[in-house]
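Read the structure below first, then the notes.
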Amino acid sequence: MTDRRVRKTRTAIHQALASLLSEKEPRDITIRELCERADINKSTFYLHFHDIYDCTDHFLEALAEPITEIISGYSYKEMLTKAPEMWNRVLDIYRRDFSLYAPLLKSSGLTPLLHQMEHSIMEKIFSQYEHTGTGLPNKYAITFIVRGFMGVLQEYDLDELSGPVLDDLSMRISRGFLE
C-alpha cells in the first residue's frame, strides 16, 4: 500500500492533469502550470514523475486499473452473459471519477490517449488469459467489447446509459445484433 501522502499528492496531480487535458493536449501542458493547478512544488512533481509524458502514462494506468480489475474478474463467457453487471460496475467508476475520465472520452484531440488506455486494459486482460492457459482465441472479441463500450461512453451522455439500455446492448452483443 502506498503512503497516504503519496496517494494524496498523486491524486492532486491527476486531478490537475485531467483539468488541463480538458483544455489542451499533453504536449501543450507545462510542468509549471500543472504544479500550480495541483498546488504542489515542481520538486514534488519530479519526485513522482520524469516529465509530463511520464505523468500522463501514470495517469492513464491509474484510470485503466480499476476498469481492468472489474473486467478481468469475469471469464470470457461471463463478459457476455453478465455484461450488464460488469458494465454497470465500470459505469460506477466512471460516475465516481467523472472529472478524471471525461476529458479522455469527450475530447477528440485526446483520442490517442484514450486508445492508449484501452490498449492497457486489453493487454492486461489478454495476459490474464495467457496465465490461465486458455490462450488468446478471443482477443478479437475482447478488443471489440472493450473498444465498443468505450466508444459508447465517448458518444453518449452518462445519463443515457441506464440499466435498460445496457441490458439491451449486452443482450445484442451476446446473442448477435440481428435478432
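We name chains A, B, ... following the order of the C-alpha cells; residues begin at 1 in each chain, and ligands are numbered from 1 as shown.
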
For stretch 27-37 of chain A, please output as a list in words all residues within 12 Å (counting only C-alpha atoms; exclusion window: fewer than 5 positions along the same chain).
-> Thr9, Arg10, Ala12, Ile13, His14, Gln15, Ala16, Leu17, Ala18, Ser19, Leu20, Leu21, Ser22, Lys42, Ser43, Thr44, Phe45, Tyr46, Phe49, His50, Asp51, Ile52, Tyr53, Asp54, Cys55, Thr56, Gly109, Leu110 and Leu113 of chain A

Can you list, as number ranges by chain, every residue of stretch 48-148 of chain A that DSSP puts in alpha helix (DSSP H)?
-> A: 48, 52-72, 76-81, 83-96, 98-106, 111-131, 139-148

Give me the residues within 10 Å of A:Ile93 as a ChimeraX atom specification, counting only C-alpha atoms and dropping any in the same chain fewer than 5 places off.
-> /A:63,66-67,70,87-88,98,101

Restricted to C-alpha atoms, what would the selected residues look like written as a PDB file, in the first residue's frame?
```pdb
ATOM      1  CA  LEU A  63      -7.582   5.199 -14.911  1.00  0.00           C
ATOM      2  CA  PRO A  66      -9.978  -0.210 -11.753  1.00  0.00           C
ATOM      3  CA  ILE A  67     -11.642  -0.956 -15.096  1.00  0.00           C
ATOM      4  CA  ILE A  70     -13.510  -5.352 -12.930  1.00  0.00           C
ATOM      5  CA  TRP A  87     -20.580  -2.569 -17.400  1.00  0.00           C
ATOM      6  CA  ASN A  88     -22.679  -1.136 -14.579  1.00  0.00           C
ATOM      7  CA  PHE A  98     -16.164  11.574 -13.935  1.00  0.00           C
ATOM      8  CA  TYR A 101     -12.348  10.236 -17.304  1.00  0.00           C
TER       9      TYR A 101
END
```

Stretch 80-83 of chain A: which residues within 12 Å, counting only C-alpha atoms, same-chain residues fewer than 4 positions away excluded, as a CSV table (one decimal) with N, CA, C and O atoms, in the first residue's frame?
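Produced file part_35.csv, reproduced below:
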```
chain,number,residue,atom,x,y,z
A,70,ILE,N,-12.1,-4.9,-12.8
A,70,ILE,CA,-13.5,-5.4,-12.9
A,70,ILE,C,-13.6,-6.3,-14.1
A,70,ILE,O,-14.1,-7.5,-13.9
A,71,ILE,N,-13.2,-6.0,-15.3
A,71,ILE,CA,-13.3,-6.8,-16.4
A,71,ILE,C,-12.6,-8.1,-16.3
A,71,ILE,O,-13.1,-9.2,-16.6
A,73,GLY,N,-12.1,-9.8,-13.7
A,73,GLY,CA,-12.8,-10.6,-12.8
A,73,GLY,C,-13.9,-11.5,-13.4
A,73,GLY,O,-14.5,-12.4,-12.7
A,74,TYR,N,-14.1,-11.4,-14.7
A,74,TYR,CA,-15.1,-12.1,-15.4
A,74,TYR,C,-14.4,-13.0,-16.4
A,74,TYR,O,-13.5,-12.6,-17.0
A,75,SER,N,-14.9,-14.2,-16.5
A,75,SER,CA,-14.4,-15.1,-17.6
A,75,SER,C,-14.9,-14.5,-18.9
A,75,SER,O,-15.8,-13.7,-19.0
A,76,TYR,N,-14.3,-15.1,-20.0
A,76,TYR,CA,-14.7,-14.6,-21.3
A,76,TYR,C,-16.2,-14.8,-21.5
A,76,TYR,O,-16.9,-13.9,-21.9
A,87,TRP,N,-20.6,-3.9,-16.9
A,87,TRP,CA,-20.6,-2.6,-17.4
A,87,TRP,C,-21.2,-1.6,-16.4
A,87,TRP,O,-20.8,-0.4,-16.3
A,88,ASN,N,-22.2,-2.0,-15.6
A,88,ASN,CA,-22.7,-1.1,-14.6
A,88,ASN,C,-21.6,-0.9,-13.5
A,88,ASN,O,-21.5,0.3,-13.0
A,89,ARG,N,-20.8,-1.9,-13.2
A,89,ARG,CA,-19.7,-1.6,-12.3
A,89,ARG,C,-18.7,-0.7,-12.9
A,89,ARG,O,-18.1,0.2,-12.2
A,90,VAL,N,-18.4,-0.8,-14.2
A,90,VAL,CA,-17.5,0.1,-14.8
A,90,VAL,C,-18.1,1.5,-14.8
A,90,VAL,O,-17.4,2.5,-14.6
A,91,LEU,N,-19.4,1.6,-15.1
A,91,LEU,CA,-20.0,2.9,-15.1
A,91,LEU,C,-20.0,3.6,-13.7
A,91,LEU,O,-19.9,4.8,-13.6
A,138,ASN,N,-9.9,-15.4,-28.1
A,138,ASN,CA,-11.0,-14.4,-28.0
A,138,ASN,C,-10.5,-13.0,-28.0
A,138,ASN,O,-11.2,-12.1,-27.7
A,141,ALA,N,-12.7,-10.6,-30.0
A,141,ALA,CA,-13.9,-10.3,-29.3
A,141,ALA,C,-13.7,-9.4,-28.1
A,141,ALA,O,-14.5,-8.4,-27.9
A,142,ILE,N,-12.6,-9.6,-27.4
A,142,ILE,CA,-12.3,-8.7,-26.2
A,142,ILE,C,-12.0,-7.3,-26.7
A,142,ILE,O,-12.5,-6.4,-26.1
A,144,PHE,N,-13.2,-5.9,-29.4
A,144,PHE,CA,-14.5,-5.4,-29.8
A,144,PHE,C,-15.3,-4.9,-28.6
A,144,PHE,O,-15.9,-3.9,-28.6
A,145,ILE,N,-15.3,-5.8,-27.6
A,145,ILE,CA,-16.1,-5.4,-26.4
A,145,ILE,C,-15.6,-4.2,-25.7
A,145,ILE,O,-16.3,-3.3,-25.4
A,146,VAL,N,-14.3,-4.2,-25.4
A,146,VAL,CA,-13.7,-3.0,-24.7
A,146,VAL,C,-13.8,-1.7,-25.5
A,146,VAL,O,-14.3,-0.7,-25.1
A,149,PHE,N,-17.5,-0.6,-26.0
A,149,PHE,CA,-18.0,0.1,-24.8
A,149,PHE,C,-17.5,1.5,-24.6
A,149,PHE,O,-18.2,2.4,-24.3
A,163,GLY,N,-29.9,1.3,-17.0
A,163,GLY,CA,-30.0,-0.2,-16.9
A,163,GLY,C,-30.6,-0.8,-18.1
A,163,GLY,O,-30.0,-1.7,-18.7
A,165,VAL,N,-30.9,0.3,-21.2
A,165,VAL,CA,-30.1,0.4,-22.4
A,165,VAL,C,-28.9,-0.5,-22.3
A,165,VAL,O,-28.6,-1.2,-23.3
A,166,LEU,N,-28.3,-0.6,-21.2
A,166,LEU,CA,-27.2,-1.6,-21.0
A,166,LEU,C,-27.6,-3.0,-21.2
A,166,LEU,O,-26.9,-3.8,-21.8
A,167,ASP,N,-28.8,-3.3,-20.6
A,167,ASP,CA,-29.3,-4.7,-20.7
A,167,ASP,C,-29.5,-5.1,-22.2
A,167,ASP,O,-29.2,-6.1,-22.6
A,168,ASP,N,-30.2,-4.1,-22.9
A,168,ASP,CA,-30.4,-4.4,-24.3
A,168,ASP,C,-29.1,-4.5,-25.1
A,168,ASP,O,-29.0,-5.4,-26.0
A,169,LEU,N,-28.2,-3.6,-24.9
A,169,LEU,CA,-26.9,-3.7,-25.6
A,169,LEU,C,-26.2,-4.9,-25.3
A,169,LEU,O,-25.7,-5.6,-26.2
A,170,SER,N,-26.2,-5.3,-24.1
A,170,SER,CA,-25.5,-6.6,-23.7
A,170,SER,C,-26.1,-7.8,-24.3
A,170,SER,O,-25.4,-8.7,-24.7
A,171,MET,N,-27.5,-7.8,-24.3
A,171,MET,CA,-28.2,-8.9,-24.9
A,171,MET,C,-27.8,-9.0,-26.4
A,171,MET,O,-27.6,-10.1,-27.0
A,172,ARG,N,-27.8,-7.9,-27.1
A,172,ARG,CA,-27.4,-7.9,-28.5
A,172,ARG,C,-26.0,-8.4,-28.8
A,172,ARG,O,-25.7,-9.1,-29.7
A,173,ILE,N,-25.1,-8.0,-27.9
A,173,ILE,CA,-23.7,-8.4,-28.0
A,173,ILE,C,-23.6,-10.0,-27.8
A,173,ILE,O,-23.0,-10.7,-28.6
A,174,SER,N,-24.3,-10.5,-26.8
A,174,SER,CA,-24.2,-11.9,-26.5
A,174,SER,C,-25.0,-12.8,-27.5
A,174,SER,O,-24.6,-13.9,-27.8
A,175,ARG,N,-26.0,-12.2,-28.1
A,175,ARG,CA,-26.9,-13.1,-29.0
A,175,ARG,C,-26.7,-12.7,-30.5
A,175,ARG,O,-27.2,-13.4,-31.3
A,176,GLY,N,-26.1,-11.6,-30.7
A,176,GLY,CA,-26.0,-11.1,-32.1
A,176,GLY,C,-26.9,-9.9,-32.3
A,176,GLY,O,-28.0,-9.9,-31.8
```

Quick one: residues within 10 Å of A:Ile125, only C-alpha atoms counted, chain neighbours fewer than 2 positions away excluded, as a VMD selection string?
-> chain A and resid 68 to 69 71 to 76 119 to 123 127 to 130 136 139 142 to 143

Take the residues from that selection and put them in a file with N, CA, C and O atoms, as a PDB file, in the first residue's frame.
```
ATOM      1  N   THR A  68      -9.807  -2.469 -15.484  1.00  0.00           N
ATOM      2  CA  THR A  68      -9.193  -3.763 -15.747  1.00  0.00           C
ATOM      3  C   THR A  68      -9.513  -4.764 -14.648  1.00  0.00           C
ATOM      4  O   THR A  68      -9.813  -5.929 -14.922  1.00  0.00           O
ATOM      5  N   GLU A  69      -9.462  -4.318 -13.407  1.00  0.00           N
ATOM      6  CA  GLU A  69      -9.782  -5.209 -12.284  1.00  0.00           C
ATOM      7  C   GLU A  69     -11.198  -5.756 -12.408  1.00  0.00           C
ATOM      8  O   GLU A  69     -11.439  -6.943 -12.166  1.00  0.00           O
ATOM      9  N   ILE A  71     -13.156  -5.964 -15.253  1.00  0.00           N
ATOM     10  CA  ILE A  71     -13.322  -6.819 -16.430  1.00  0.00           C
ATOM     11  C   ILE A  71     -12.598  -8.140 -16.258  1.00  0.00           C
ATOM     12  O   ILE A  71     -13.121  -9.201 -16.601  1.00  0.00           O
ATOM     13  N   SER A  72     -11.395  -8.106 -15.704  1.00  0.00           N
ATOM     14  CA  SER A  72     -10.621  -9.347 -15.575  1.00  0.00           C
ATOM     15  C   SER A  72     -11.197 -10.274 -14.514  1.00  0.00           C
ATOM     16  O   SER A  72     -10.817 -11.438 -14.432  1.00  0.00           O
ATOM     17  N   GLY A  73     -12.140  -9.777 -13.725  1.00  0.00           N
ATOM     18  CA  GLY A  73     -12.821 -10.628 -12.753  1.00  0.00           C
ATOM     19  C   GLY A  73     -13.887 -11.518 -13.381  1.00  0.00           C
ATOM     20  O   GLY A  73     -14.479 -12.352 -12.697  1.00  0.00           O
ATOM     21  N   TYR A  74     -14.115 -11.351 -14.669  1.00  0.00           N
ATOM     22  CA  TYR A  74     -15.116 -12.133 -15.383  1.00  0.00           C
ATOM     23  C   TYR A  74     -14.417 -13.043 -16.387  1.00  0.00           C
ATOM     24  O   TYR A  74     -13.455 -12.629 -17.029  1.00  0.00           O
ATOM     25  N   SER A  75     -14.919 -14.240 -16.529  1.00  0.00           N
ATOM     26  CA  SER A  75     -14.413 -15.120 -17.583  1.00  0.00           C
ATOM     27  C   SER A  75     -14.879 -14.548 -18.914  1.00  0.00           C
ATOM     28  O   SER A  75     -15.766 -13.686 -18.960  1.00  0.00           O
ATOM     29  N   TYR A  76     -14.309 -15.075 -19.995  1.00  0.00           N
ATOM     30  CA  TYR A  76     -14.723 -14.602 -21.312  1.00  0.00           C
ATOM     31  C   TYR A  76     -16.226 -14.777 -21.489  1.00  0.00           C
ATOM     32  O   TYR A  76     -16.922 -13.868 -21.939  1.00  0.00           O
ATOM     33  N   HIS A 119      -5.815   0.112 -24.821  1.00  0.00           N
ATOM     34  CA  HIS A 119      -4.786  -0.897 -25.085  1.00  0.00           C
ATOM     35  C   HIS A 119      -4.249  -1.477 -23.774  1.00  0.00           C
ATOM     36  O   HIS A 119      -4.041  -2.686 -23.663  1.00  0.00           O
ATOM     37  N   SER A 120      -4.054  -0.628 -22.792  1.00  0.00           N
ATOM     38  CA  SER A 120      -3.582  -1.089 -21.484  1.00  0.00           C
ATOM     39  C   SER A 120      -4.580  -2.065 -20.864  1.00  0.00           C
ATOM     40  O   SER A 120      -4.201  -3.115 -20.334  1.00  0.00           O
ATOM     41  N   ILE A 121      -5.858  -1.726 -20.930  1.00  0.00           N
ATOM     42  CA  ILE A 121      -6.907  -2.601 -20.391  1.00  0.00           C
ATOM     43  C   ILE A 121      -6.886  -3.946 -21.117  1.00  0.00           C
ATOM     44  O   ILE A 121      -6.875  -5.007 -20.494  1.00  0.00           O
ATOM     45  N   MET A 122      -6.838  -3.888 -22.449  1.00  0.00           N
ATOM     46  CA  MET A 122      -6.887  -5.129 -23.230  1.00  0.00           C
ATOM     47  C   MET A 122      -5.649  -5.990 -23.006  1.00  0.00           C
ATOM     48  O   MET A 122      -5.760  -7.213 -22.883  1.00  0.00           O
ATOM     49  N   GLU A 123      -4.479  -5.376 -22.934  1.00  0.00           N
ATOM     50  CA  GLU A 123      -3.253  -6.146 -22.720  1.00  0.00           C
ATOM     51  C   GLU A 123      -3.292  -6.890 -21.389  1.00  0.00           C
ATOM     52  O   GLU A 123      -2.861  -8.033 -21.291  1.00  0.00           O
ATOM     53  N   SER A 127      -3.234 -10.880 -21.019  1.00  0.00           N
ATOM     54  CA  SER A 127      -2.223 -11.577 -20.211  1.00  0.00           C
ATOM     55  C   SER A 127      -2.882 -12.482 -19.182  1.00  0.00           C
ATOM     56  O   SER A 127      -2.327 -13.517 -18.820  1.00  0.00           O
ATOM     57  N   GLN A 128      -4.055 -12.114 -18.718  1.00  0.00           N
ATOM     58  CA  GLN A 128      -4.784 -12.976 -17.779  1.00  0.00           C
ATOM     59  C   GLN A 128      -5.116 -14.305 -18.449  1.00  0.00           C
ATOM     60  O   GLN A 128      -4.958 -15.363 -17.855  1.00  0.00           O
ATOM     61  N   TYR A 129      -5.547 -14.262 -19.686  1.00  0.00           N
ATOM     62  CA  TYR A 129      -5.862 -15.490 -20.407  1.00  0.00           C
ATOM     63  C   TYR A 129      -4.601 -16.296 -20.684  1.00  0.00           C
ATOM     64  O   TYR A 129      -4.616 -17.508 -20.673  1.00  0.00           O
ATOM     65  N   GLU A 130      -3.498 -15.607 -20.933  1.00  0.00           N
ATOM     66  CA  GLU A 130      -2.229 -16.289 -21.150  1.00  0.00           C
ATOM     67  C   GLU A 130      -1.826 -17.079 -19.907  1.00  0.00           C
ATOM     68  O   GLU A 130      -1.415 -18.220 -19.995  1.00  0.00           O
ATOM     69  N   LEU A 136      -5.370 -17.124 -26.419  1.00  0.00           N
ATOM     70  CA  LEU A 136      -5.961 -15.845 -26.797  1.00  0.00           C
ATOM     71  C   LEU A 136      -6.907 -15.956 -27.995  1.00  0.00           C
ATOM     72  O   LEU A 136      -6.939 -15.080 -28.841  1.00  0.00           O
ATOM     73  N   LYS A 139      -9.214 -12.787 -28.433  1.00  0.00           N
ATOM     74  CA  LYS A 139      -8.663 -11.436 -28.359  1.00  0.00           C
ATOM     75  C   LYS A 139      -9.423 -10.455 -29.246  1.00  0.00           C
ATOM     76  O   LYS A 139      -9.564  -9.299 -28.896  1.00  0.00           O
ATOM     77  N   ILE A 142     -12.643  -9.600 -27.375  1.00  0.00           N
ATOM     78  CA  ILE A 142     -12.344  -8.747 -26.216  1.00  0.00           C
ATOM     79  C   ILE A 142     -12.041  -7.328 -26.681  1.00  0.00           C
ATOM     80  O   ILE A 142     -12.511  -6.350 -26.089  1.00  0.00           O
ATOM     81  N   THR A 143     -11.283  -7.203 -27.759  1.00  0.00           N
ATOM     82  CA  THR A 143     -10.997  -5.880 -28.322  1.00  0.00           C
ATOM     83  C   THR A 143     -12.296  -5.194 -28.737  1.00  0.00           C
ATOM     84  O   THR A 143     -12.514  -4.013 -28.435  1.00  0.00           O
TER      85      THR A 143
END
```

Using only C-alpha atoms, which of A:Phe59, A:Tyr140, A:Leu158, A:Glu25 sits nearest A:Leu100?
-> A:Phe59

Compare A:His48, A:Ala64, A:Pro164, A:Ser108 by their minimum atom-to-atom distance to A:Arg7, counting only C-alpha atoms, and give me the closest one.
->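 For A:Arg7, the nearest of the candidates is A:His48.
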
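What separates atom CA of A:Asn41 from atom CA of A:Pro103 is a distance of 24.3 Å.
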
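One distance worth recording is that between atom CA of A:Tyr94 and atom CA of A:Met150, which is 10.9 Å.
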